[in-house]
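> Sharing input_23.tsv, TSV, C-alpha atoms:
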```
chain	number	residue	atom	x	y	z
A	81	MET	CA	189.80	164.55	16.29
A	82	LYS	CA	190.10	167.52	18.69
A	83	ARG	CA	192.71	169.08	16.43
A	84	ARG	CA	190.46	168.65	13.39
A	85	ILE	CA	187.49	170.21	15.18
A	86	ALA	CA	189.65	173.14	16.34
A	87	ALA	CA	191.02	173.61	12.81
A	88	LEU	CA	187.48	173.53	11.37
A	89	LEU	CA	186.24	176.08	13.89
A	90	SER	CA	189.25	178.32	13.17
A	91	ALA	CA	188.56	178.13	9.44
A	92	LEU	CA	184.90	178.99	9.93
A	93	LEU	CA	185.82	181.91	12.21
A	94	ALA	CA	188.35	183.20	9.69
A	95	THR	CA	185.71	182.99	6.94
A	96	GLN	CA	183.20	184.96	8.99
A	97	LEU	CA	185.76	187.59	9.94
A	98	GLY	CA	186.81	187.85	6.31
A	99	SER	CA	183.23	188.50	5.25
A	100	LEU	CA	182.96	191.24	7.84
A	101	ILE	CA	186.02	193.18	6.72
A	102	SER	CA	186.04	192.43	2.98
A	103	PRO	CA	185.47	195.46	0.74
A	104	ALA	CA	181.99	195.79	-0.69
A	105	TYR	CA	180.20	198.27	-2.88
A	106	ALA	CA	176.77	198.61	-4.37
A	107	CYS	CA	175.48	201.28	-6.70
A	108	GLY	CA	172.79	201.40	-9.36
A	109	CYS	CA	174.87	202.85	-12.20
A	110	GLY	CA	178.53	202.91	-11.16
A	111	ALA	CA	181.16	201.35	-8.95
A	112	MET	CA	181.39	202.49	-5.32
A	113	ILE	CA	184.83	201.53	-4.03
A	114	PRO	CA	185.79	201.88	-0.33
A	115	GLU	CA	189.25	202.58	1.03
A	116	GLY	CA	191.27	199.59	2.25
A	117	TYR	CA	189.17	197.02	4.11
A	118	ALA	CA	186.35	199.40	4.94
A	119	ARG	CA	182.82	198.81	3.78
A	120	ILE	CA	180.37	201.10	2.03
A	121	GLY	CA	176.99	200.52	0.47
A	122	VAL	CA	174.33	202.61	-1.17
A	123	GLU	CA	171.20	202.31	0.91
A	124	ARG	CA	169.10	204.37	-1.46
A	125	GLU	CA	169.83	205.84	-4.88
A	126	THR	CA	167.55	208.27	-6.67
A	127	SER	CA	168.33	209.45	-10.19
A	128	VAL	CA	166.65	212.06	-12.36
A	129	VAL	CA	167.30	211.79	-16.10
A	130	ARG	CA	166.53	214.54	-18.61
A	131	PHE	CA	166.84	213.88	-22.36
A	132	ASP	CA	165.97	216.30	-25.16
A	133	GLY	CA	167.15	214.19	-28.09
A	134	ARG	CA	170.68	215.62	-28.12
A	135	THR	CA	171.81	216.10	-24.54
A	136	GLU	CA	171.38	213.88	-21.49
A	137	GLN	CA	171.54	215.07	-17.91
A	138	ILE	CA	171.61	212.76	-14.88
A	139	VAL	CA	171.19	214.05	-11.34
A	140	MET	CA	172.04	211.48	-8.68
A	141	ARG	CA	171.62	211.47	-4.93
A	142	PHE	CA	172.93	208.69	-2.69
A	143	VAL	CA	172.12	207.64	0.85
A	144	VAL	CA	175.18	205.66	1.96
A	145	ARG	CA	176.04	203.53	4.95
A	146	GLY	CA	179.20	201.80	6.15
A	147	ASP	CA	182.44	202.60	7.95
A	148	ALA	CA	184.58	203.93	5.08
A	149	PRO	CA	186.23	207.32	5.76
A	150	ARG	CA	186.77	207.74	2.01
A	151	ALA	CA	185.44	206.14	-1.13
A	152	ALA	CA	185.73	206.40	-4.91
A	153	TRP	CA	182.82	206.27	-7.33
A	154	VAL	CA	183.25	205.60	-11.05
A	155	MET	CA	180.61	206.06	-13.74
A	156	PRO	CA	181.10	205.52	-17.48
A	157	VAL	CA	179.52	208.06	-19.86
A	158	PRO	CA	179.28	207.98	-23.69
A	159	GLY	CA	180.74	211.46	-24.24
A	160	ARG	CA	182.66	214.34	-22.70
A	161	ALA	CA	180.88	215.18	-19.45
A	162	THR	CA	180.51	218.23	-17.27
A	163	VAL	CA	179.85	217.79	-13.55
A	164	GLU	CA	178.30	220.17	-11.04
A	165	LEU	CA	176.29	220.00	-7.84
A	166	GLY	CA	172.58	219.34	-8.24
A	167	ASP	CA	169.67	221.02	-6.49
A	168	PRO	CA	168.16	218.97	-3.63
A	169	GLU	CA	164.85	220.78	-4.18
A	170	MET	CA	164.14	218.74	-7.31
A	171	PHE	CA	163.78	215.55	-5.30
A	172	ARG	CA	161.21	217.13	-3.02
A	173	GLN	CA	159.29	218.37	-6.04
A	174	LEU	CA	159.41	214.95	-7.70
A	175	THR	CA	158.05	213.32	-4.56
A	176	TRP	CA	155.13	215.76	-4.68
A	177	LEU	CA	154.50	215.41	-8.43
A	178	THR	CA	154.44	211.61	-8.33
A	179	ARG	CA	152.51	211.25	-5.08
A	180	PRO	CA	149.82	208.53	-5.19
A	181	GLU	CA	146.13	209.30	-5.34
A	182	TYR	CA	144.11	208.25	-2.31
A	183	LYS	CA	140.59	206.91	-2.78
A	184	THR	CA	138.00	205.40	-0.50
A	185	ARG	CA	136.54	202.02	-1.37
A	186	GLY	CA	133.61	200.69	0.63
A	187	TYR	CA	133.26	197.08	1.71
A	188	PHE	CA	130.27	195.27	3.14
A	189	TRP	CA	131.42	192.49	5.45
A	190	PRO	CA	133.56	193.35	8.53
A	191	ARG	CA	137.29	192.76	8.44
A	192	ASP	CA	139.85	191.98	11.12
A	193	ARG	CA	139.90	195.53	12.48
A	194	ASP	CA	136.11	195.98	12.48
A	195	TRP	CA	133.59	195.14	15.19
A	196	PRO	CA	133.03	192.48	16.39
A	197	PHE	CA	136.63	191.42	15.62
A	198	SER	CA	138.23	194.67	16.84
A	199	SER	CA	137.35	198.14	18.03
A	200	THR	CA	139.44	199.71	15.24
A	201	THR	CA	137.84	200.45	11.89
A	202	GLY	CA	139.35	201.01	8.47
A	203	ASP	CA	141.97	199.33	6.35
A	204	SER	CA	144.43	200.42	3.68
A	205	VAL	CA	145.53	198.47	0.63
A	206	GLY	CA	147.63	199.48	-2.33
A	207	ALA	CA	146.28	199.30	-5.88
A	208	ALA	CA	148.00	196.78	-8.17
A	209	LEU	CA	150.80	198.33	-10.09
A	210	PRO	CA	150.82	197.73	-13.54
A	211	GLY	CA	195.20	212.37	-12.57
A	212	SER	CA	197.67	209.53	-13.42
A	213	GLY	CA	201.05	209.44	-15.18
A	214	ASP	CA	199.79	206.56	-17.32
A	215	PRO	CA	199.39	207.85	-20.91
A	216	ALA	CA	196.36	205.60	-21.34
A	217	VAL	CA	194.45	207.77	-18.87
A	218	GLY	CA	193.83	211.42	-19.49
A	219	VAL	CA	192.46	213.75	-16.82
A	220	VAL	CA	190.33	216.16	-18.84
A	221	GLY	CA	189.03	218.08	-15.84
A	222	ARG	CA	189.04	218.20	-12.08
A	223	GLU	CA	186.81	220.14	-9.69
A	224	GLN	CA	186.09	220.30	-5.99
A	225	LEU	CA	182.30	220.25	-5.56
A	226	GLY	CA	181.02	220.25	-2.00
A	227	ASP	CA	181.94	216.89	-0.52
A	228	PHE	CA	183.29	215.60	-3.84
A	229	ASP	CA	186.65	215.69	-5.57
A	230	VAL	CA	185.57	215.10	-9.19
A	231	ALA	CA	187.95	213.92	-11.92
A	232	ARG	CA	186.78	213.45	-15.51
A	233	LEU	CA	188.87	210.80	-17.25
A	234	THR	CA	189.45	209.30	-20.67
A	235	ALA	CA	190.88	205.79	-20.93
A	236	THR	CA	192.12	203.66	-23.84
A	237	ASP	CA	193.10	200.66	-21.74
A	238	PRO	CA	190.87	198.80	-19.23
A	239	GLY	CA	193.82	198.56	-16.84
A	240	ALA	CA	194.50	202.29	-16.93
A	241	LEU	CA	191.72	203.10	-14.52
A	242	ARG	CA	193.21	200.65	-12.03
A	243	THR	CA	196.44	202.68	-12.13
A	244	TRP	CA	194.55	205.90	-11.46
A	245	LEU	CA	192.56	204.38	-8.58
A	246	GLU	CA	195.67	202.94	-6.93
A	247	ALA	CA	197.52	206.26	-7.37
A	248	ASN	CA	194.67	207.89	-5.46
A	249	GLY	CA	194.65	205.34	-2.64
A	250	PHE	CA	191.95	202.91	-3.80
A	251	LYS	CA	192.12	199.24	-4.70
A	252	GLN	CA	190.16	198.31	-7.80
A	253	PRO	CA	187.71	195.44	-7.16
A	254	ASP	CA	188.31	192.17	-8.94
A	255	GLY	CA	186.46	192.00	-12.23
A	256	LEU	CA	186.05	195.74	-12.73
A	257	SER	CA	188.56	195.89	-15.62
A	258	ALA	CA	186.61	193.23	-17.51
A	259	GLU	CA	183.35	195.11	-17.04
A	260	LEU	CA	184.97	198.38	-18.16
A	261	LYS	CA	186.34	196.92	-21.40
A	262	PRO	CA	183.08	197.32	-23.41
A	263	TYR	CA	183.07	201.02	-22.53
A	264	VAL	CA	186.73	201.38	-23.49
A	265	ASP	CA	186.04	199.64	-26.81
A	266	ARG	CA	183.28	202.17	-27.53
A	267	LYS	CA	185.60	205.03	-26.47
A	268	TRP	CA	183.41	206.08	-23.55
A	269	GLU	CA	184.85	208.26	-20.82
A	270	TYR	CA	184.55	208.15	-17.04
A	271	VAL	CA	183.48	210.39	-14.26
A	272	ALA	CA	185.59	209.47	-11.23
A	273	VAL	CA	184.66	210.96	-7.87
A	274	ARG	CA	186.44	210.83	-4.52
A	275	LEU	CA	183.94	211.05	-1.68
A	276	ALA	CA	184.86	212.33	1.76
A	277	PRO	CA	182.63	213.21	4.73
A	278	ARG	CA	182.14	216.82	5.77
A	279	GLU	CA	184.00	216.14	9.05
A	280	ALA	CA	187.48	214.67	8.71
A	281	GLY	CA	187.79	211.20	10.21
A	282	LYS	CA	184.05	210.53	10.17
A	283	PRO	CA	182.68	207.58	8.13
A	284	LEU	CA	180.61	208.24	5.02
A	285	LYS	CA	177.00	208.01	6.14
A	286	GLY	CA	173.67	209.57	5.33
A	287	THR	CA	172.50	211.61	2.37
A	288	LEU	CA	175.20	213.05	0.10
A	289	ASP	CA	174.88	216.19	-2.00
A	290	PRO	CA	173.34	215.46	-5.42
A	291	LEU	CA	175.64	215.48	-8.45
A	292	LYS	CA	174.52	216.57	-11.94
A	293	ILE	CA	176.32	215.01	-14.91
A	294	ARG	CA	175.72	216.31	-18.44
A	295	PHE	CA	176.91	214.86	-21.75
A	296	ASP	CA	175.92	214.76	-25.42
A	297	SER	CA	174.12	211.63	-26.60
A	298	ASP	CA	171.89	210.63	-29.50
A	299	ARG	CA	170.04	208.10	-27.35
A	300	LEU	CA	168.84	207.92	-23.78
A	301	VAL	CA	171.15	205.51	-22.00
A	302	TYR	CA	171.52	204.80	-18.29
A	303	PRO	CA	174.78	202.95	-17.45
A	304	MET	CA	174.13	199.80	-15.41
A	305	ARG	CA	176.77	197.22	-16.39
A	306	LEU	CA	179.07	197.91	-13.43
A	307	SER	CA	176.32	196.85	-11.04
A	308	ARG	CA	177.04	193.27	-12.11
A	309	LEU	CA	179.80	193.33	-9.49
A	310	ALA	CA	177.49	194.19	-6.60
A	311	LYS	CA	177.29	191.56	-3.86
A	312	THR	CA	173.77	192.39	-2.69
A	313	PRO	CA	170.42	192.80	-4.49
A	314	GLN	CA	170.07	196.18	-6.20
A	315	SER	CA	167.12	198.48	-6.70
A	316	LEU	CA	166.87	201.22	-9.29
A	317	GLY	CA	164.59	204.24	-9.18
A	318	LEU	CA	164.49	206.52	-12.22
A	319	TYR	CA	162.64	209.75	-12.88
A	320	VAL	CA	162.78	210.33	-16.65
A	321	LEU	CA	161.94	213.75	-18.12
A	322	ALA	CA	161.51	213.67	-21.90
A	323	ASP	CA	159.10	214.65	-24.68
A	324	HIS	CA	157.16	211.38	-24.35
A	325	ARG	CA	156.49	208.56	-21.94
A	326	MET	CA	159.60	206.37	-21.79
A	327	GLU	CA	160.29	202.70	-21.11
A	328	PRO	CA	163.40	200.48	-20.88
A	329	ALA	CA	164.03	198.52	-24.06
A	330	SER	CA	164.62	195.40	-21.94
A	331	ALA	CA	164.89	194.26	-18.33
A	332	ILE	CA	168.72	193.71	-18.76
A	333	GLY	CA	168.66	190.81	-16.32
A	334	GLY	CA	166.47	192.29	-13.60
A	335	ALA	CA	162.83	192.01	-12.67
A	336	GLU	CA	160.24	193.56	-14.95
A	337	PRO	CA	160.45	197.38	-14.64
A	338	LYS	CA	157.36	198.97	-13.09
A	339	VAL	CA	155.98	202.38	-13.91
A	340	THR	CA	154.83	204.17	-10.75
A	341	PHE	CA	153.90	207.47	-12.45
A	342	ALA	CA	153.47	208.80	-15.98
A	343	GLY	CA	152.14	212.20	-17.01
A	344	MET	CA	152.84	215.72	-18.25
A	345	VAL	CA	154.24	218.05	-15.59
A	346	THR	CA	155.14	221.73	-15.47
A	347	PRO	CA	158.48	221.76	-13.66
A	348	GLN	CA	159.24	224.44	-11.12
A	349	ASP	CA	162.07	225.16	-8.70
A	350	GLY	CA	164.77	222.51	-8.95
A	351	LEU	CA	163.38	220.78	-12.04
A	352	ALA	CA	163.17	223.98	-14.09
A	353	ALA	CA	166.95	223.94	-14.53
A	354	LEU	CA	166.67	220.58	-16.30
A	355	THR	CA	163.73	221.39	-18.56
A	356	GLY	CA	164.25	225.10	-19.15
A	357	GLY	CA	160.97	225.69	-17.35
A	358	LYS	CA	159.01	223.97	-20.15
A	359	PRO	CA	156.44	221.19	-19.65
A	360	ALA	CA	157.83	217.67	-19.95
A	361	PHE	CA	156.52	214.13	-19.76
A	362	LEU	CA	157.62	212.54	-16.52
A	363	THR	CA	157.94	208.76	-16.21
A	364	ALA	CA	158.86	207.23	-12.84
A	365	ILE	CA	160.29	203.71	-13.10
A	366	ASP	CA	161.24	201.23	-10.37
A	367	GLN	CA	163.16	198.01	-10.93
A	368	GLU	CA	164.65	195.32	-8.72
A	369	PHE	CA	167.79	193.29	-9.44
A	370	PRO	CA	167.72	190.26	-7.09
A	371	GLU	CA	170.82	188.77	-8.80
A	372	PRO	CA	173.09	191.61	-9.96
A	373	ALA	CA	175.42	189.17	-11.74
A	374	ARG	CA	172.67	188.66	-14.33
A	375	ILE	CA	172.79	192.31	-15.48
A	376	ASP	CA	173.88	192.07	-19.12
A	377	GLY	CA	174.10	195.68	-20.29
A	378	ASP	CA	173.04	199.28	-19.89
A	379	HIS	CA	169.49	200.54	-19.88
A	380	GLU	CA	168.42	202.08	-23.16
A	381	LEU	CA	165.13	203.92	-22.86
A	382	ARG	CA	162.71	204.52	-25.71
A	383	ALA	CA	159.39	206.27	-26.23
A	384	THR	CA	156.27	204.14	-25.75
A	385	ALA	CA	153.58	203.75	-28.39
A	386	GLY	CA	151.38	206.27	-26.59
A	387	ASP	CA	151.70	208.85	-23.84
A	388	THR	CA	149.26	207.08	-21.54
A	389	PRO	CA	149.12	208.76	-18.12
A	390	TYR	CA	149.31	206.70	-14.95
A	391	ARG	CA	149.20	207.46	-11.25
A	392	LYS	CA	149.40	204.94	-8.44
A	393	VAL	CA	146.18	204.67	-6.45
A	394	ILE	CA	146.06	203.72	-2.78
A	395	TYR	CA	142.62	202.67	-1.60
A	396	HIS	CA	141.40	203.22	1.92
A	397	GLY	CA	138.85	200.61	2.86
A	398	GLU	CA	135.78	201.93	4.65
A	399	LEU	CA	132.99	199.83	6.11
A	400	ILE	CA	129.63	200.71	4.54
A	401	THR	CA	127.26	202.16	7.13
A	402	VAL	CA	123.71	203.49	7.22
A	403	GLY	CA	123.12	206.18	9.78
A	404	GLY	CA	126.34	205.18	11.51
A	405	ILE	CA	125.26	201.52	11.79
A	406	PRO	CA	127.18	198.91	9.74
A	407	ALA	CA	125.13	197.90	6.71
A	408	TRP	CA	125.93	194.24	7.26
A	409	LEU	CA	124.51	194.41	10.77
A	410	LEU	CA	121.28	195.99	9.53
A	411	THR	CA	121.07	193.38	6.79
A	412	VAL	CA	121.61	190.49	9.20
A	413	ALA	CA	119.04	191.98	11.58
A	414	ALA	CA	116.55	192.37	8.75
A	415	VAL	CA	117.11	188.79	7.60
A	416	LEU	CA	116.67	187.50	11.16
A	417	LEU	CA	113.48	189.51	11.57
A	418	ALA	CA	112.21	188.19	8.27
A	419	LEU	CA	112.97	184.61	9.35
A	420	VAL	CA	111.25	185.12	12.69
A	421	ALA	CA	108.24	186.61	10.94
A	422	ALA	CA	108.13	183.73	8.46
A	423	VAL	CA	108.32	181.14	11.23
A	424	PHE	CA	105.63	182.96	13.20
A	425	THR	CA	103.35	183.13	10.13
A	426	LEU	CA	103.91	179.46	9.32
A	427	ARG	CA	103.10	178.35	12.86
A	428	ARG	CA	100.02	180.55	12.86
A	429	ARG	CA	98.76	178.96	9.66
A	430	LYS	CA	99.43	175.45	11.01
A	431	SER	CA	97.58	176.37	14.18
A	432	ARG	CA	94.56	177.51	12.23
A	433	THR	CA	94.62	174.43	10.02
A	434	GLY	CA	94.81	172.16	13.01
A	435	GLY	CA	91.98	173.98	14.71
A	436	ALA	CA	89.72	173.56	11.69
```
For the file at hand, write its structure as structure tokens.


Amino acid sequence: MKRRIAALLSALLATQLGSLISPAYACGCGAMIPEGYARIGVERETSVVRFDGRTEQIVMRFVVRGDAPRAAWVMPVPGRATVELGDPEMFRQLTWLTRPEYKTRGYFWPRDRDWPFSSTTGDSVGAALPGSGDPAVGVVGREQLGDFDVARLTATDPGALRTWLEANGFKQPDGLSAELKPYVDRKWEYVAVRLAPREAGKPLKGTLDPLKIRFDSDRLVYPMRLSRLAKTPQSLGLYVLADHRMEPASAIGGAEPKVTFAGMVTPQDGLAALTGGKPAFLTAIDQEFPEPARIDGDHELRATAGDTPYRKVIYHGELITVGGIPAWLLTVAAVLLALVAAVFTLRRRKSRTGGA
């Protein structure tokens, strides 16, 4: 019995240790692959998509965490892509353009933070939101961009990318070849990026430089299939710049997409490079994927029936007062005075009746 208990404990310990050192990756639209037994995850991903009916541009910025000194990131694209560094300023501008509107909404009865329950007043609530030697892989371009070593690849065999990854020091995760096959069948290409921290020997952490990927396309598509392999819930945030308000054609296995902003904007600074300085309709979309294995395809975005604007509203609750005195207190006082007066009048009448 003691031997069995010791064996069971050893097995459990080995399982826990294995989960701690096993490779993991998570990324909204591509595969993030760590080196060896290191771990890396995308804590936050923000993507800006610009589509003019012929050309699609995607600017991506990742906030990563983990202990990997190097990592590889692979993204499939429908056509020959160009890659360059993006402008961080566009993300600051987007935050400003899509900021929520703050409104004050009065309420009558006191809440938890109001007297007599607390000395603090006010409350806030959010409004409801609606290169390889393998001939099957061709390296069509390679650039060093900031922290990134970017390789643009073509592949005619799902296993060819595995060869390239292994030749560059990375182990392809189980199941990736199967998920890449639909892209290979459609003759898509890949953008493969080697990530390394600014300081040699340091783990990849924090906010990375944004990357801008550009390719020709006759439809607005956002690759998502590779996220099926993620081990943790995924979240997707998209800023879409187009001629009209856009929406995903389907949820592709995730929660219902939510629009957090929709409206015409006049881009400046970082965004002007994407739109040519012309006005564009901006749609901000958030979506959660609690079970990544249920993702069944790529996002295809289409124009909505109408360009209805939308901005998130955050209401600040404010207790209604009259002359600085809570209205409910004045009302209660008035009711009490009225009751006292009524009782006094009733007793007075009874007294007179009895006296007669």

> When distances are computed from only C-alpha atoms, which of A:Gly386, A:Pro253, A:Gly356, A:Gly343 shows the smallest separation from Val154 (chain A)?

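Ranking A:Gly386, A:Pro253, A:Gly356, A:Gly343 by distance to Val154 (chain A), first place goes to A:Pro253.
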
> Within 10 Å of Leu409 (chain A), counting only C-alpha atoms, which residues show up once you throw out same-chain ones fewer than 4 positions away? Write them as a list in words, please.

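Selected residues are Phe188, Trp189, Pro190, Thr401, Val402, Ile405, Ala413, Ala414 and Val415 of chain A.
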
> Which is closest to Leu233 (chain A) among A:Leu245, A:Met170, A:Val129, A:Ala322, if we use all atoms listed in the file?

A:Leu245

> Excluding same-chain residues fewer than 3 positions from Pro359 (chain A), what lies within 8 Å of it counting all atoms listed in the file, as a ChimeraX atom specification?

/A:344-347,355

> Restricting the output to C-alpha atoms, write the selected residues as a CSV table (one decimal), in the coordinates of the input.


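Written file, again_15.csv:
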```csv
chain,number,residue,atom,x,y,z
A,344,MET,CA,152.8,215.7,-18.2
A,345,VAL,CA,154.2,218.0,-15.6
A,346,THR,CA,155.1,221.7,-15.5
A,347,PRO,CA,158.5,221.8,-13.7
A,355,THR,CA,163.7,221.4,-18.6
```

> Would you mind telling me which residue in A:Thr175, A:Thr312, A:Gln367, A:Thr135 lies nearest to Gly333 (chain A) when using all atoms listed in the file?

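For Gly333 (chain A), the nearest of the candidates is A:Gln367.
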